[in-house]
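Reading through the structure tokens given below for one structure.
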Amino acid sequence: MSAPIGVFDSGMGGLTVLRALMARLPRESFVYLGDTARLPYGTKSADTVRRYALQASSALVARGVKMVVVACNTASISLPALKTALDPLPVIGVIEPGAQAALAAAPQGPIAIIATEGTVKGGAYRSAIRALGSNVPIAQQACSLFVPMTEEGLIDGPIVEAVIHRYLDPLLATVPKPKCLLLGCTHYPVLKPVLARLAGSDVVLVDSAITTADAVAALLKARDMASAGGSHTLKFLATDAPDRFARVGEIFLGQPIDPGLVELIDLQS
Ligand code: DGL
């Protein structure tokens, strides 16, 4: 019960999910792994992403985590493989919670999804929305520059606006105009203020962070795995440039990261 919850992403994007987890579950300890040496995952093949995701979750298991949260939409393609490999440890992804959030915001649609190339190609959101029994119209757009841009700490200003226009304008020009913009990549919530302004007030923005935190809380309760309280810890693992992780990660986590809490690890040995 007192063991930490493991959370991973290709880089710092998953910190937007960790932020929601920490707010929802203040008594829990967390170990966050950012595979910064191999980012981005979104432009890599499914086989490569699956291999990376298995290595990342094994590293978390070696740290004694009680469950794994895949805070990366792209890596969610590996959920079945991860569940088999880590059984009986619970594994939770962000796609299903994101699909639920989008349908709650716009039950009749249309829903516009922005995500990495890998997530769009894999069609994970479309499948998750259909699996929830909905036939809403769906439009999708891969936004490959958003991840490198935000990992640079670029979240507003003229360059960011130009890049957003490039991807969003054709998507929002579809008729009828989407009612909901689903941020299908955990890096994107840091762009929310600019995305919201450029999308217009008639479009609701949703992401998976809060609904994922709710799903984790429900699972801990159902399996009687929640921490009873007492002391809790926060630790970060990065596969490259831990100082940079602490510096830029602050934007995603919404609070300063003590560089002393970020450990450099190697997933390939
Ligand atoms: N943050 C990840 C996601 O949610 C992936 C970013 C990337 O490495 O391309 O899809």
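Identifiers in the structure tokens: chain A, B, ... in order shown; residue index from 1 per chain; ligand index from 1 in order shown.
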Quiz item: Hey, what does DSSP flag as helix (DSSP H, G or I) within region 38-266 of chain A? Can you give it to me as number ranges by chain?
Solution: A: 46-62, 74-86, 95-105, 117-122, 124-131, 146-151, 158-172, 188-199, 209-222, 242-253, 259-261
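Residues with any atom within 10 Å of Phe30 (chain A), counting only C-alpha atoms and excluding same-chain neighbours fewer than 5 positions away, are Ala3, Pro4, Ile5, Gly6, Val7, Leu18, Leu21, Met22, Val65, Lys66, His232, Thr233, Leu234, Lys235 and Phe236 of chain A.
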Which residues of chain A come within 7 Å of ligand 1, and for each one, what is the closest pair of atoms and their distance in Å to one decimal, counting only C-alpha atoms and all ligand atoms, sorted by chain and residue number, as CSV?
residue,atom,partner,partner_atom_place_in_ligand_line,distance
A:Asp9,CA,ligand 1,1 (N),5.9
A:Ser10,CA,ligand 1,8 (O),4.7
A:Gly11,CA,ligand 1,8 (O),6.4
A:Gly13,CA,ligand 1,1 (N),4.6
A:Gly14,CA,ligand 1,1 (N),6.0
A:Leu39,CA,ligand 1,8 (O),4.8
A:Pro40,CA,ligand 1,8 (O),3.3
A:Tyr41,CA,ligand 1,8 (O),3.6
A:Gly42,CA,ligand 1,9 (O),3.3
A:Thr43,CA,ligand 1,9 (O),6.3
A:Ala71,CA,ligand 1,4 (O),6.5
A:Cys72,CA,ligand 1,4 (O),3.6
A:Asn73,CA,ligand 1,4 (O),3.8
A:Thr74,CA,ligand 1,10 (O),3.9
A:Ala75,CA,ligand 1,10 (O),6.7
A:Ala115,CA,ligand 1,10 (O),6.5
A:Thr116,CA,ligand 1,10 (O),5.7
A:Thr119,CA,ligand 1,10 (O),6.7
A:Val147,CA,ligand 1,6 (C),5.8
A:Gly184,CA,ligand 1,4 (O),6.4
A:Cys185,CA,ligand 1,4 (O),3.4
A:Thr186,CA,ligand 1,4 (O),4.0
A:His187,CA,ligand 1,1 (N),4.8
Practice problem: List the neighbours of Gly249 (chain A) out to 9 Å using only C-alpha atoms; skip same-chain residues closer than 2 positions along the sequence, and give me the result as a list in words. | Solution: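 After dropping sequence-adjacent residues, the list is Gly11, Met12, Gly13, Leu15, Glu151, Gly153, Arg244, Phe245, Ala246, Arg247, Ile251, Phe252, Leu253, Gly254, Gln255, Pro256 and Ile257 of chain A.
Compared by their closest atoms to Val190 (chain A), and using only C-alpha atoms, the residues A:Ala209, A:Ala53, A:Ala215, A:Ala46 rank with A:Ala209 nearest.
Separating CA of Leu237 (chain A) from CA of Leu33 (chain A) is a distance of 4.6 Å.
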Practice problem: Go through region 82-148 of chain A and collect every residue that DSSP, computed from the backbone, puts in strand (DSSP E); the answer should be as a list in words. | Solution: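 Result set for region 82-148 of chain A (strand (DSSP E)): Val91, Ile92, Ile111, Ala112, Ile113, Ile114, Ala115, Ile138, Ala139, Gln140, Gln141 and Ala142 of chain A.
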Could those selected residues go to a file with all heavy atoms, as a short mmCIF file (atom, residue, chain, number, x, y, z; two decimals), in the first residue's frame?
data_model
loop_
_atom_site.label_atom_id
_atom_site.label_comp_id
_atom_site.auth_asym_id
_atom_site.auth_seq_id
_atom_site.Cartn_x
_atom_site.Cartn_y
_atom_site.Cartn_z
N VAL A 91 -1.94 -1.87 -14.65
CA VAL A 91 -1.40 -0.89 -15.61
C VAL A 91 -2.57 -0.06 -16.12
O VAL A 91 -3.58 -0.62 -16.55
CB VAL A 91 -0.73 -1.60 -16.81
CG1 VAL A 91 -0.14 -0.57 -17.78
CG2 VAL A 91 0.35 -2.58 -16.36
N ILE A 92 -2.43 1.26 -16.07
CA ILE A 92 -3.52 2.14 -16.54
C ILE A 92 -2.97 3.09 -17.60
O ILE A 92 -1.87 3.62 -17.45
CB ILE A 92 -4.11 2.94 -15.35
CG1 ILE A 92 -5.06 2.05 -14.55
CG2 ILE A 92 -4.82 4.20 -15.81
CD1 ILE A 92 -6.04 2.77 -13.68
N ILE A 111 -16.09 15.62 -32.47
CA ILE A 111 -14.90 15.69 -31.64
C ILE A 111 -13.67 15.76 -32.55
O ILE A 111 -13.52 14.95 -33.46
CB ILE A 111 -14.81 14.44 -30.72
CG1 ILE A 111 -15.97 14.46 -29.71
CG2 ILE A 111 -13.46 14.38 -30.01
CD1 ILE A 111 -16.07 13.22 -28.84
N ALA A 112 -12.83 16.76 -32.30
CA ALA A 112 -11.57 16.88 -33.03
C ALA A 112 -10.45 16.42 -32.11
O ALA A 112 -10.39 16.83 -30.95
CB ALA A 112 -11.35 18.32 -33.48
N ILE A 113 -9.60 15.54 -32.62
CA ILE A 113 -8.52 15.00 -31.80
C ILE A 113 -7.18 15.47 -32.35
O ILE A 113 -6.91 15.31 -33.55
CB ILE A 113 -8.55 13.45 -31.81
CG1 ILE A 113 -9.90 12.95 -31.29
CG2 ILE A 113 -7.40 12.87 -31.00
CD1 ILE A 113 -10.19 11.50 -31.64
N ILE A 114 -6.36 16.05 -31.48
CA ILE A 114 -4.99 16.35 -31.88
C ILE A 114 -4.07 15.45 -31.07
O ILE A 114 -4.28 15.24 -29.88
CB ILE A 114 -4.62 17.85 -31.72
CG1 ILE A 114 -4.97 18.38 -30.33
CG2 ILE A 114 -5.32 18.69 -32.78
CD1 ILE A 114 -4.46 19.80 -30.08
N ALA A 115 -3.06 14.89 -31.75
CA ALA A 115 -2.20 13.90 -31.09
C ALA A 115 -0.92 13.74 -31.89
O ALA A 115 -0.71 14.42 -32.89
CB ALA A 115 -2.95 12.57 -30.98
N ILE A 138 -15.79 12.17 -35.89
CA ILE A 138 -14.45 12.39 -35.32
C ILE A 138 -13.53 12.89 -36.43
O ILE A 138 -13.51 12.35 -37.53
CB ILE A 138 -13.88 11.05 -34.77
CG1 ILE A 138 -14.73 10.54 -33.61
CG2 ILE A 138 -12.42 11.21 -34.35
CD1 ILE A 138 -14.38 9.12 -33.17
N ALA A 139 -12.75 13.94 -36.12
CA ALA A 139 -11.70 14.40 -37.04
C ALA A 139 -10.39 14.34 -36.28
O ALA A 139 -10.35 14.56 -35.07
CB ALA A 139 -11.99 15.82 -37.50
N GLN A 140 -9.29 14.00 -36.97
CA GLN A 140 -8.01 13.87 -36.27
C GLN A 140 -6.92 14.64 -37.00
O GLN A 140 -6.94 14.75 -38.22
CB GLN A 140 -7.57 12.41 -36.23
CG GLN A 140 -8.52 11.49 -35.51
CD GLN A 140 -7.83 10.17 -35.19
OE1 GLN A 140 -7.11 10.07 -34.21
NE2 GLN A 140 -8.04 9.18 -36.03
N GLN A 141 -5.96 15.11 -36.24
CA GLN A 141 -4.82 15.82 -36.83
C GLN A 141 -3.55 15.52 -36.03
O GLN A 141 -3.53 15.71 -34.80
CB GLN A 141 -5.10 17.34 -36.82
CG GLN A 141 -3.95 18.20 -37.27
CD GLN A 141 -3.62 18.02 -38.75
OE1 GLN A 141 -4.50 18.09 -39.62
NE2 GLN A 141 -2.35 17.77 -39.06
N ALA A 142 -2.53 15.03 -36.71
CA ALA A 142 -1.23 14.84 -36.05
C ALA A 142 -0.52 16.19 -35.97
O ALA A 142 -0.51 16.95 -36.94
CB ALA A 142 -0.38 13.85 -36.83
#
Practice problem: State, in Å with one decimal place, the distance from CA of Leu205 (chain A) to CA of Glu152 (chain A). | Solution: 22.9 Å
Quiz item: With only C-alpha atoms as the basis for distance, which of A:Val248, A:Ala241, A:Leu181, A:Val70 is at the shortest distance from Ile265 (chain A)?
Solution: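 Between A:Val248, A:Ala241, A:Leu181, A:Val70, the residue approaching Ile265 (chain A) most closely is A:Ala241.
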Quiz item: Smallest atom-to-atom distance to Ala226 (chain A): which of A:Thr16, A:Thr211, A:Ser57, A:Ser29, using only C-alpha atoms?
Solution: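 Answer, going by the shortest atom-to-atom distance: A:Ser29.
Here CA of Tyr32 (chain A) stands at a distance of 27.8 Å from CA of Ser127 (chain A).
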Quiz prompt | Contact residues around region 192-200 of chain A with only C-alpha atoms at 8 Å, ignoring same-chain residues under 4 positions, as a ChimeraX atom specification | solution = /A:156,161,164-165,168,172,188,204-205
Self-check item: All residues 9 Å or closer to Asp202 (chain A), only C-alpha atoms, same chain fewer than 3 positions away omitted, as a ChimeraX atom specification
Solution: /A:178-180,199
Suppose we keep N, CA and C atoms; can you now write the selection as a PDB file, in the first residue's frame?
ATOM      1  N   PRO A 178     -16.069  21.333 -34.992  1.00  0.00           N
ATOM      2  CA  PRO A 178     -15.989  20.493 -33.793  1.00  0.00           C
ATOM      3  C   PRO A 178     -16.395  21.257 -32.531  1.00  0.00           C
ATOM      4  N   LYS A 179     -17.071  20.538 -31.640  1.00  0.00           N
ATOM      5  CA  LYS A 179     -17.496  21.165 -30.376  1.00  0.00           C
ATOM      6  C   LYS A 179     -16.444  20.940 -29.298  1.00  0.00           C
ATOM      7  N   CYS A 180     -15.615  19.899 -29.531  1.00  0.00           N
ATOM      8  CA  CYS A 180     -14.647  19.529 -28.502  1.00  0.00           C
ATOM      9  C   CYS A 180     -13.296  19.289 -29.160  1.00  0.00           C
ATOM     10  N   ALA A 199      -8.739  28.456 -30.802  1.00  0.00           N
ATOM     11  CA  ALA A 199      -9.857  27.586 -31.208  1.00  0.00           C
ATOM     12  C   ALA A 199     -11.195  28.324 -31.112  1.00  0.00           C
TER      13      ALA A 199
END
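Nearest-residue note for Val163 (chain A): choosing from A:Ile210, A:Leu191, A:Leu103, A:Val136, the minimum distance belongs to A:Leu191, counting only C-alpha atoms.
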Identify, on the basis of only C-alpha atoms, every residue whose closest approach to Ser208 (chain A) does not exceed 8 Å; exclude the query and any residue fewer than 2 positions from it along the same chain; express the result as an mmCIF file with N, CA, C and O atoms, in the first residue's frame.
data_model
loop_
_atom_site.group_PDB
_atom_site.id
_atom_site.type_symbol
_atom_site.label_atom_id
_atom_site.label_comp_id
_atom_site.auth_asym_id
_atom_site.auth_seq_id
_atom_site.Cartn_x
_atom_site.Cartn_y
_atom_site.Cartn_z
ATOM 1 N N VAL A 17 0.088 14.719 -16.262
ATOM 2 C CA VAL A 17 -0.745 13.683 -15.636
ATOM 3 C C VAL A 17 -0.333 13.516 -14.171
ATOM 4 O O VAL A 17 -1.186 13.405 -13.284
ATOM 5 N N VAL A 94 -3.948 6.357 -20.671
ATOM 6 C CA VAL A 94 -4.662 7.637 -20.680
ATOM 7 C C VAL A 94 -5.726 7.742 -21.778
ATOM 8 O O VAL A 94 -6.503 8.695 -21.804
ATOM 9 N N ILE A 95 -5.750 6.762 -22.696
ATOM 10 C CA ILE A 95 -6.648 6.883 -23.853
ATOM 11 C C ILE A 95 -8.131 6.769 -23.444
ATOM 12 O O ILE A 95 -8.944 7.633 -23.786
ATOM 13 N N PRO A 97 -9.602 7.105 -20.439
ATOM 14 C CA PRO A 97 -10.059 8.278 -19.674
ATOM 15 C C PRO A 97 -10.222 9.528 -20.551
ATOM 16 O O PRO A 97 -11.152 10.320 -20.360
ATOM 17 N N GLY A 98 -9.363 9.696 -21.550
ATOM 18 C CA GLY A 98 -9.460 10.859 -22.458
ATOM 19 C C GLY A 98 -10.715 10.782 -23.305
ATOM 20 O O GLY A 98 -11.414 11.778 -23.512
ATOM 21 N N ALA A 99 -11.023 9.574 -23.791
ATOM 22 C CA ALA A 99 -12.218 9.377 -24.606
ATOM 23 C C ALA A 99 -13.472 9.676 -23.773
ATOM 24 O O ALA A 99 -14.414 10.321 -24.251
ATOM 25 N N ALA A 101 -13.665 11.703 -21.204
ATOM 26 C CA ALA A 101 -13.733 13.149 -20.969
ATOM 27 C C ALA A 101 -14.294 13.871 -22.192
ATOM 28 O O ALA A 101 -15.116 14.788 -22.066
ATOM 29 N N LEU A 183 -7.132 16.906 -26.420
ATOM 30 C CA LEU A 183 -5.673 16.974 -26.451
ATOM 31 C C LEU A 183 -5.147 15.556 -26.210
ATOM 32 O O LEU A 183 -5.008 15.115 -25.068
ATOM 33 N N GLY A 184 -4.877 14.854 -27.302
ATOM 34 C CA GLY A 184 -4.546 13.434 -27.225
ATOM 35 C C GLY A 184 -3.067 13.161 -27.067
ATOM 36 O O GLY A 184 -2.569 12.140 -27.545
ATOM 37 N N THR A 186 0.018 13.962 -23.921
ATOM 38 C CA THR A 186 0.167 14.542 -22.583
ATOM 39 C C THR A 186 1.083 15.766 -22.556
ATOM 40 O O THR A 186 1.170 16.440 -21.539
ATOM 41 N N VAL A 206 -10.437 19.427 -23.862
ATOM 42 C CA VAL A 206 -10.321 18.417 -22.794
ATOM 43 C C VAL A 206 -9.009 17.654 -22.945
ATOM 44 O O VAL A 206 -8.452 17.547 -24.037
ATOM 45 N N ILE A 210 -7.218 14.609 -15.632
ATOM 46 C CA ILE A 210 -8.092 14.475 -14.460
ATOM 47 C C ILE A 210 -8.848 13.143 -14.478
ATOM 48 O O ILE A 210 -8.938 12.449 -13.455
ATOM 49 N N THR A 211 -9.341 12.741 -15.659
ATOM 50 C CA THR A 211 -10.075 11.471 -15.718
ATOM 51 C C THR A 211 -9.137 10.282 -15.473
ATOM 52 O O THR A 211 -9.550 9.259 -14.918
ATOM 53 N N THR A 212 -7.854 10.418 -15.856
ATOM 54 C CA THR A 212 -6.894 9.342 -15.552
ATOM 55 C C THR A 212 -6.673 9.264 -14.044
ATOM 56 O O THR A 212 -6.644 8.172 -13.460
#
Quiz prompt | Neighbour list for Glu96 (chain A) as a list in words, cut-off 8 Å, only C-alpha atoms, skip fewer than 4 positions in-chain | solution = Gln100, Tyr125, Ala128 and Ile129 of chain A
